[in-house]
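Report on the structure given below.
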Amino acid sequence: MLRVDIITIFPEFFREAFDYGIIRRARAAGIVEIATHDLRRWTSDKHHVVDDRPFGGGDGMVLKPEPIFAAVEELAGASKREGFGPGTRVVLLTPQGKVFSQSLAADLSQSEQVVLICGRYEGVDERVAAALVTDEISIGDYILSGGEPAALVVADAMIRLLPGALGSETSAENESFSENLLDFPQYTRPPEFRGMRVPEVLLTGNHAEIARWRREAAMRKTRSHRPDLLKEKG
Ligand code: ADE
């Protein structure tokens, strides 16, 4: 059983986010437990302040370290990296992180507990990254208004890889990225739609020919959309 704890100043953002499809079923089956926590719960002042102005000046506000350290201390049992159990990962979602990937999702899905800290405002006090988190993760080279959508992406990608989360144990193995290739195109009925025909080979029932067509179509799609995948060794 994987436990996912999400620390955010917008817990409502996640209200229904995990109530659909594979993630909903994984929760119902007891494969994963997800809890969302309001960072303000770990403030001690009357106004529940979680942010402050940056030392050195500049625009915007920075998330303060104290509530984040207190939250992780309570949820993961330690407030420095060295104190966590071997199955615990504490992730900060930030555009300064390592770019998320299928292999990182697979790695995280082996954990017992993943704590996801959603960054906000102009940033998070660097002492969080320096002493507390095990992984700084970005979901891509663009700026979101906060880490919440990124936490959703990371949680989804890792939960669907848990044993038993997909209908059949093997279905994650044939997907895009597990072989550094995009998926082949899929078609369903009708065989002709608005003048566009399904490739004839798919209608023949010739499995060897179909497999060859799919391999070639996946290669064409990858070469056209993601040539970078064909260059690197996966
Ligand atoms: N916060 C803002 N932008 C982000 C990104 N691209 N990935 C993760 N967290 C973020």
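Identifiers in this document derive from the order of the structure tokens: chains are assigned A, B, ..., residues are numbered from 1 separately in each chain, and ligands are numbered from 1 in order of occurrence.
Proximal residues of ligand 1 are Leu93, Thr94, Pro95, Ile137, Ser138, Ile139, Gly140, Asp141, Tyr142, Ile143, Leu144, Ser145, Gly146, Gly147 and Ala150 of chain A, by a cut-off of 6 Å on only C-alpha atoms and all ligand atoms.
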Could those selected residues go to a file with N, CA, C and O atoms, as a PDB file, in the first residue's frame?
```
ATOM      1  N   LEU A  93       7.493  20.101  -5.738  1.00  0.00           N
ATOM      2  CA  LEU A  93       7.148  20.420  -7.124  1.00  0.00           C
ATOM      3  C   LEU A  93       7.577  21.852  -7.410  1.00  0.00           C
ATOM      4  O   LEU A  93       7.106  22.790  -6.751  1.00  0.00           O
ATOM      5  N   THR A  94       8.480  22.015  -8.360  1.00  0.00           N
ATOM      6  CA  THR A  94       9.055  23.315  -8.655  1.00  0.00           C
ATOM      7  C   THR A  94       9.596  23.333 -10.084  1.00  0.00           C
ATOM      8  O   THR A  94      10.122  22.308 -10.551  1.00  0.00           O
ATOM      9  N   PRO A  95       9.498  24.477 -10.768  1.00  0.00           N
ATOM     10  CA  PRO A  95      10.066  24.533 -12.124  1.00  0.00           C
ATOM     11  C   PRO A  95      11.590  24.381 -12.116  1.00  0.00           C
ATOM     12  O   PRO A  95      12.189  24.144 -13.162  1.00  0.00           O
ATOM     13  N   ILE A 137      11.101  18.128  -8.325  1.00  0.00           N
ATOM     14  CA  ILE A 137      10.580  17.671  -9.617  1.00  0.00           C
ATOM     15  C   ILE A 137       9.829  18.788 -10.332  1.00  0.00           C
ATOM     16  O   ILE A 137       9.002  19.475  -9.738  1.00  0.00           O
ATOM     17  N   SER A 138      10.132  18.944 -11.621  1.00  0.00           N
ATOM     18  CA  SER A 138       9.376  19.813 -12.527  1.00  0.00           C
ATOM     19  C   SER A 138       8.630  18.914 -13.496  1.00  0.00           C
ATOM     20  O   SER A 138       9.166  17.888 -13.923  1.00  0.00           O
ATOM     21  N   ILE A 139       7.397  19.261 -13.871  1.00  0.00           N
ATOM     22  CA  ILE A 139       6.700  18.416 -14.857  1.00  0.00           C
ATOM     23  C   ILE A 139       6.954  18.895 -16.278  1.00  0.00           C
ATOM     24  O   ILE A 139       6.435  18.318 -17.229  1.00  0.00           O
ATOM     25  N   GLY A 140       7.759  19.919 -16.461  1.00  0.00           N
ATOM     26  CA  GLY A 140       8.077  20.344 -17.818  1.00  0.00           C
ATOM     27  C   GLY A 140       8.561  21.777 -17.837  1.00  0.00           C
ATOM     28  O   GLY A 140       8.453  22.489 -16.841  1.00  0.00           O
ATOM     29  N   ASP A 141       9.091  22.175 -18.985  1.00  0.00           N
ATOM     30  CA  ASP A 141       9.694  23.499 -19.100  1.00  0.00           C
ATOM     31  C   ASP A 141       8.655  24.576 -19.407  1.00  0.00           C
ATOM     32  O   ASP A 141       8.616  25.113 -20.517  1.00  0.00           O
ATOM     33  N   TYR A 142       7.802  24.823 -18.430  1.00  0.00           N
ATOM     34  CA  TYR A 142       6.826  25.906 -18.499  1.00  0.00           C
ATOM     35  C   TYR A 142       6.492  26.237 -17.057  1.00  0.00           C
ATOM     36  O   TYR A 142       6.727  25.425 -16.159  1.00  0.00           O
ATOM     37  N   ILE A 143       5.963  27.438 -16.833  1.00  0.00           N
ATOM     38  CA  ILE A 143       5.693  27.881 -15.461  1.00  0.00           C
ATOM     39  C   ILE A 143       4.201  27.784 -15.167  1.00  0.00           C
ATOM     40  O   ILE A 143       3.377  28.391 -15.841  1.00  0.00           O
ATOM     41  N   LEU A 144       3.865  27.008 -14.160  1.00  0.00           N
ATOM     42  CA  LEU A 144       2.491  26.935 -13.656  1.00  0.00           C
ATOM     43  C   LEU A 144       2.341  27.970 -12.548  1.00  0.00           C
ATOM     44  O   LEU A 144       3.337  28.446 -12.009  1.00  0.00           O
ATOM     45  N   SER A 145       1.100  28.283 -12.189  1.00  0.00           N
ATOM     46  CA  SER A 145       0.937  29.249 -11.109  1.00  0.00           C
ATOM     47  C   SER A 145       1.199  28.632  -9.744  1.00  0.00           C
ATOM     48  O   SER A 145       1.293  29.318  -8.744  1.00  0.00           O
ATOM     49  N   GLY A 146       1.329  27.320  -9.702  1.00  0.00           N
ATOM     50  CA  GLY A 146       1.681  26.663  -8.455  1.00  0.00           C
ATOM     51  C   GLY A 146       1.946  25.197  -8.699  1.00  0.00           C
ATOM     52  O   GLY A 146       1.729  24.694  -9.801  1.00  0.00           O
ATOM     53  N   GLY A 147       2.408  24.510  -7.672  1.00  0.00           N
ATOM     54  CA  GLY A 147       2.761  23.106  -7.823  1.00  0.00           C
ATOM     55  C   GLY A 147       1.573  22.157  -7.838  1.00  0.00           C
ATOM     56  O   GLY A 147       1.758  20.959  -8.083  1.00  0.00           O
ATOM     57  N   ALA A 150       0.990  20.073 -10.920  1.00  0.00           N
ATOM     58  CA  ALA A 150       2.146  19.184 -11.064  1.00  0.00           C
ATOM     59  C   ALA A 150       2.029  18.006 -10.096  1.00  0.00           C
ATOM     60  O   ALA A 150       2.340  16.859 -10.451  1.00  0.00           O
TER      61      ALA A 150
END
```
Hey, what's within 12 Å of Glu216 (chain A) if we count only C-alpha atoms and toss same-chain stuff fewer than 3 positions away? As JSON, numbers by chain, please? {"A": [181, 182, 183, 184, 185, 209, 210, 211, 212, 213, 219, 220, 221, 222, 223]}
Keeping only N, CA, C and O atoms, write the selected residues to a file as a PDB file, in the first residue's frame.
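Writing done, so here's result_19.pdb:
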```
ATOM      1  N   LEU A 181       9.374   4.887 -27.420  1.00  0.00           N
ATOM      2  CA  LEU A 181       8.648   5.036 -28.667  1.00  0.00           C
ATOM      3  C   LEU A 181       7.235   5.508 -28.325  1.00  0.00           C
ATOM      4  O   LEU A 181       6.673   5.087 -27.324  1.00  0.00           O
ATOM      5  N   LEU A 182       6.675   6.390 -29.140  1.00  0.00           N
ATOM      6  CA  LEU A 182       5.287   6.772 -28.925  1.00  0.00           C
ATOM      7  C   LEU A 182       4.380   5.601 -29.296  1.00  0.00           C
ATOM      8  O   LEU A 182       4.776   4.703 -30.029  1.00  0.00           O
ATOM      9  N   ASP A 183       3.139   5.640 -28.788  1.00  0.00           N
ATOM     10  CA  ASP A 183       2.167   4.604 -29.130  1.00  0.00           C
ATOM     11  C   ASP A 183       1.793   4.674 -30.614  1.00  0.00           C
ATOM     12  O   ASP A 183       1.778   5.759 -31.195  1.00  0.00           O
ATOM     13  N   PHE A 184       1.422   3.519 -31.162  1.00  0.00           N
ATOM     14  CA  PHE A 184       0.895   3.505 -32.533  1.00  0.00           C
ATOM     15  C   PHE A 184      -0.531   4.060 -32.525  1.00  0.00           C
ATOM     16  O   PHE A 184      -1.203   4.050 -31.492  1.00  0.00           O
ATOM     17  N   PRO A 185      -1.007   4.549 -33.692  1.00  0.00           N
ATOM     18  CA  PRO A 185      -2.372   5.098 -33.761  1.00  0.00           C
ATOM     19  C   PRO A 185      -3.417   3.990 -33.606  1.00  0.00           C
ATOM     20  O   PRO A 185      -3.217   2.873 -34.080  1.00  0.00           O
ATOM     21  N   GLU A 209       0.985  -8.907 -40.049  1.00  0.00           N
ATOM     22  CA  GLU A 209       0.962  -7.665 -40.838  1.00  0.00           C
ATOM     23  C   GLU A 209       0.562  -6.477 -39.967  1.00  0.00           C
ATOM     24  O   GLU A 209       1.108  -5.383 -40.094  1.00  0.00           O
ATOM     25  N   ILE A 210      -0.413  -6.691 -39.092  1.00  0.00           N
ATOM     26  CA  ILE A 210      -0.876  -5.621 -38.196  1.00  0.00           C
ATOM     27  C   ILE A 210       0.256  -5.193 -37.266  1.00  0.00           C
ATOM     28  O   ILE A 210       0.510  -4.002 -37.080  1.00  0.00           O
ATOM     29  N   ALA A 211       0.971  -6.161 -36.709  1.00  0.00           N
ATOM     30  CA  ALA A 211       2.083  -5.852 -35.796  1.00  0.00           C
ATOM     31  C   ALA A 211       3.148  -5.049 -36.523  1.00  0.00           C
ATOM     32  O   ALA A 211       3.682  -4.069 -35.987  1.00  0.00           O
ATOM     33  N   ARG A 212       3.444  -5.433 -37.798  1.00  0.00           N
ATOM     34  CA  ARG A 212       4.449  -4.704 -38.561  1.00  0.00           C
ATOM     35  C   ARG A 212       3.987  -3.268 -38.839  1.00  0.00           C
ATOM     36  O   ARG A 212       4.724  -2.311 -38.660  1.00  0.00           O
ATOM     37  N   TRP A 213       2.710  -3.136 -39.245  1.00  0.00           N
ATOM     38  CA  TRP A 213       2.174  -1.792 -39.526  1.00  0.00           C
ATOM     39  C   TRP A 213       2.249  -0.918 -38.268  1.00  0.00           C
ATOM     40  O   TRP A 213       2.637   0.244 -38.325  1.00  0.00           O
ATOM     41  N   MET A 219       6.975   4.272 -35.206  1.00  0.00           N
ATOM     42  CA  MET A 219       8.272   4.849 -35.564  1.00  0.00           C
ATOM     43  C   MET A 219       8.082   6.162 -36.322  1.00  0.00           C
ATOM     44  O   MET A 219       8.759   7.161 -36.031  1.00  0.00           O
ATOM     45  N   ARG A 220       7.147   6.184 -37.296  1.00  0.00           N
ATOM     46  CA  ARG A 220       6.884   7.427 -38.065  1.00  0.00           C
ATOM     47  C   ARG A 220       6.426   8.541 -37.133  1.00  0.00           C
ATOM     48  O   ARG A 220       6.885   9.676 -37.206  1.00  0.00           O
ATOM     49  N   LYS A 221       5.507   8.225 -36.234  1.00  0.00           N
ATOM     50  CA  LYS A 221       4.967   9.215 -35.294  1.00  0.00           C
ATOM     51  C   LYS A 221       6.079   9.739 -34.387  1.00  0.00           C
ATOM     52  O   LYS A 221       6.186  10.935 -34.116  1.00  0.00           O
ATOM     53  N   THR A 222       6.927   8.836 -33.917  1.00  0.00           N
ATOM     54  CA  THR A 222       8.018   9.239 -33.022  1.00  0.00           C
ATOM     55  C   THR A 222       9.014  10.130 -33.761  1.00  0.00           C
ATOM     56  O   THR A 222       9.447  11.163 -33.237  1.00  0.00           O
ATOM     57  N   ARG A 223       9.361   9.733 -34.992  1.00  0.00           N
ATOM     58  CA  ARG A 223      10.313  10.522 -35.774  1.00  0.00           C
ATOM     59  C   ARG A 223       9.760  11.930 -36.012  1.00  0.00           C
ATOM     60  O   ARG A 223      10.485  12.916 -35.947  1.00  0.00           O
TER      61      ARG A 223
END
```
Output as an MDAnalysis selection string all residues of region 28-111 of chain A that backbone DSSP marks as strand (DSSP E). chainID A and resid 32:38 51:52 62:63 88:99
Considering only C-alpha atoms, state which residue in the set A:Lys98, A:Arg189, A:Arg24, A:His207 is at the smallest distance from Ala165 (chain A).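 So, comparing all the options, the nearest one is A:Arg24.
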Alpha helix (DSSP H) call set, DSSP backbone run, region 11-181 of chain A, as a PyMOL selection string: chain A and resi 21-28+65-76+102-108+126-127+148-159
May I ask for the distance between CA of Asp125 (chain A) and CA of Asp52 (chain A), given in Å to one decimal place? 9.6 Å
If we count only C-alpha atoms, what is near region 66-78 of chain A at a cut-off of 12 Å, once residues fewer than 6 positions away on the same chain are taken out, given as an MDAnalysis selection string? chainID A and resid 3:9 35:45 48:52 84:92 112:119 124:134
Close residues, Ser109 (chain A) itself excluded, 12 Å, only C-alpha atoms, min 6 positions apart in chain, as a PDB file with N, CA and C atoms, in the first residue's frame:
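Ended up saving to around-v3.pdb:
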```
ATOM      1  N   MET A   1       0.844  -1.216   0.000  1.00  0.00           N
ATOM      2  CA  MET A   1       0.000   0.000   0.000  1.00  0.00           C
ATOM      3  C   MET A   1       0.871   1.255   0.000  1.00  0.00           C
ATOM      4  N   LEU A   2       0.658   2.094  -0.983  1.00  0.00           N
ATOM      5  CA  LEU A   2       1.367   3.375  -1.066  1.00  0.00           C
ATOM      6  C   LEU A   2       0.529   4.450  -0.384  1.00  0.00           C
ATOM      7  N   ARG A   3       1.218   5.279   0.386  1.00  0.00           N
ATOM      8  CA  ARG A   3       0.527   6.413   0.987  1.00  0.00           C
ATOM      9  C   ARG A   3       1.053   7.705   0.350  1.00  0.00           C
ATOM     10  N   VAL A   4       0.128   8.552  -0.125  1.00  0.00           N
ATOM     11  CA  VAL A   4       0.493   9.826  -0.743  1.00  0.00           C
ATOM     12  C   VAL A   4      -0.057  10.950   0.126  1.00  0.00           C
ATOM     13  N   ILE A  31      -5.079  -0.016  -2.725  1.00  0.00           N
ATOM     14  CA  ILE A  31      -3.725  -0.045  -3.290  1.00  0.00           C
ATOM     15  C   ILE A  31      -2.983   1.232  -2.943  1.00  0.00           C
ATOM     16  N   VAL A  32      -3.725   2.324  -2.790  1.00  0.00           N
ATOM     17  CA  VAL A  32      -3.129   3.620  -2.469  1.00  0.00           C
ATOM     18  C   VAL A  32      -4.065   4.374  -1.533  1.00  0.00           C
ATOM     19  N   GLY A  87      11.635   3.887   2.710  1.00  0.00           N
ATOM     20  CA  GLY A  87      10.531   3.892   1.741  1.00  0.00           C
ATOM     21  C   GLY A  87       9.857   5.236   1.579  1.00  0.00           C
ATOM     22  N   THR A  88      10.415   6.279   2.200  1.00  0.00           N
ATOM     23  CA  THR A  88       9.777   7.601   2.156  1.00  0.00           C
ATOM     24  C   THR A  88      10.480   8.536   1.188  1.00  0.00           C
ATOM     25  N   ARG A  89       9.707   9.177   0.313  1.00  0.00           N
ATOM     26  CA  ARG A  89      10.235  10.210  -0.579  1.00  0.00           C
ATOM     27  C   ARG A  89       9.469  11.495  -0.295  1.00  0.00           C
ATOM     28  N   GLN A 102       8.665   8.971 -17.163  1.00  0.00           N
ATOM     29  CA  GLN A 102       8.080   7.662 -16.856  1.00  0.00           C
ATOM     30  C   GLN A 102       8.979   6.872 -15.907  1.00  0.00           C
ATOM     31  N   SER A 103      10.302   6.970 -16.077  1.00  0.00           N
ATOM     32  CA  SER A 103      11.180   6.186 -15.199  1.00  0.00           C
ATOM     33  C   SER A 103      11.178   6.745 -13.772  1.00  0.00           C
ATOM     34  N   VAL A 154       2.094  14.015 -11.109  1.00  0.00           N
ATOM     35  CA  VAL A 154       3.045  13.066 -10.531  1.00  0.00           C
ATOM     36  C   VAL A 154       2.291  11.940  -9.816  1.00  0.00           C
ATOM     37  N   ALA A 155       1.262  12.295  -9.042  1.00  0.00           N
ATOM     38  CA  ALA A 155       0.486  11.283  -8.305  1.00  0.00           C
ATOM     39  C   ALA A 155      -0.179  10.325  -9.284  1.00  0.00           C
ATOM     40  N   ASP A 156      -0.809  10.847 -10.318  1.00  0.00           N
ATOM     41  CA  ASP A 156      -1.503  10.005 -11.294  1.00  0.00           C
ATOM     42  C   ASP A 156      -0.531   9.040 -11.980  1.00  0.00           C
ATOM     43  N   ALA A 157       0.572   9.584 -12.461  1.00  0.00           N
ATOM     44  CA  ALA A 157       1.527   8.751 -13.209  1.00  0.00           C
ATOM     45  C   ALA A 157       2.099   7.647 -12.336  1.00  0.00           C
ATOM     46  N   MET A 158       2.298   7.909 -11.045  1.00  0.00           N
ATOM     47  CA  MET A 158       2.899   6.871 -10.219  1.00  0.00           C
ATOM     48  C   MET A 158       1.843   5.881  -9.711  1.00  0.00           C
ATOM     49  N   ILE A 159       0.634   6.343  -9.419  1.00  0.00           N
ATOM     50  CA  ILE A 159      -0.397   5.444  -8.874  1.00  0.00           C
ATOM     51  C   ILE A 159      -0.825   4.405  -9.913  1.00  0.00           C
ATOM     52  N   ARG A 160      -0.964   4.805 -11.183  1.00  0.00           N
ATOM     53  CA  ARG A 160      -1.411   3.843 -12.186  1.00  0.00           C
ATOM     54  C   ARG A 160      -0.387   2.742 -12.448  1.00  0.00           C
ATOM     55  N   LEU A 161       0.858   2.942 -11.982  1.00  0.00           N
ATOM     56  CA  LEU A 161       1.884   1.905 -12.143  1.00  0.00           C
ATOM     57  C   LEU A 161       1.904   0.919 -10.980  1.00  0.00           C
ATOM     58  N   LEU A 162       1.125   1.157  -9.934  1.00  0.00           N
ATOM     59  CA  LEU A 162       1.122   0.241  -8.795  1.00  0.00           C
ATOM     60  C   LEU A 162       0.537  -1.104  -9.218  1.00  0.00           C
ATOM     61  N   PRO A 163       1.107  -2.203  -8.730  1.00  0.00           N
ATOM     62  CA  PRO A 163       0.573  -3.524  -9.093  1.00  0.00           C
ATOM     63  C   PRO A 163      -0.921  -3.610  -8.781  1.00  0.00           C
ATOM     64  N   ALA A 165      -3.281  -1.801 -10.208  1.00  0.00           N
ATOM     65  CA  ALA A 165      -4.024  -0.565 -10.500  1.00  0.00           C
ATOM     66  C   ALA A 165      -4.641  -0.594 -11.895  1.00  0.00           C
TER      67      ALA A 165
END
```
CA of Gln110 (chain A) to CA of Glu179 (chain A) measures 19.8 Å
Between CA of Asp107 (chain A) and CA of Ala172 (chain A), distance in Å (one decimal):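 Interatomic distance, CA of Asp107 (chain A) to CA of Ala172 (chain A): 14.1 Å.
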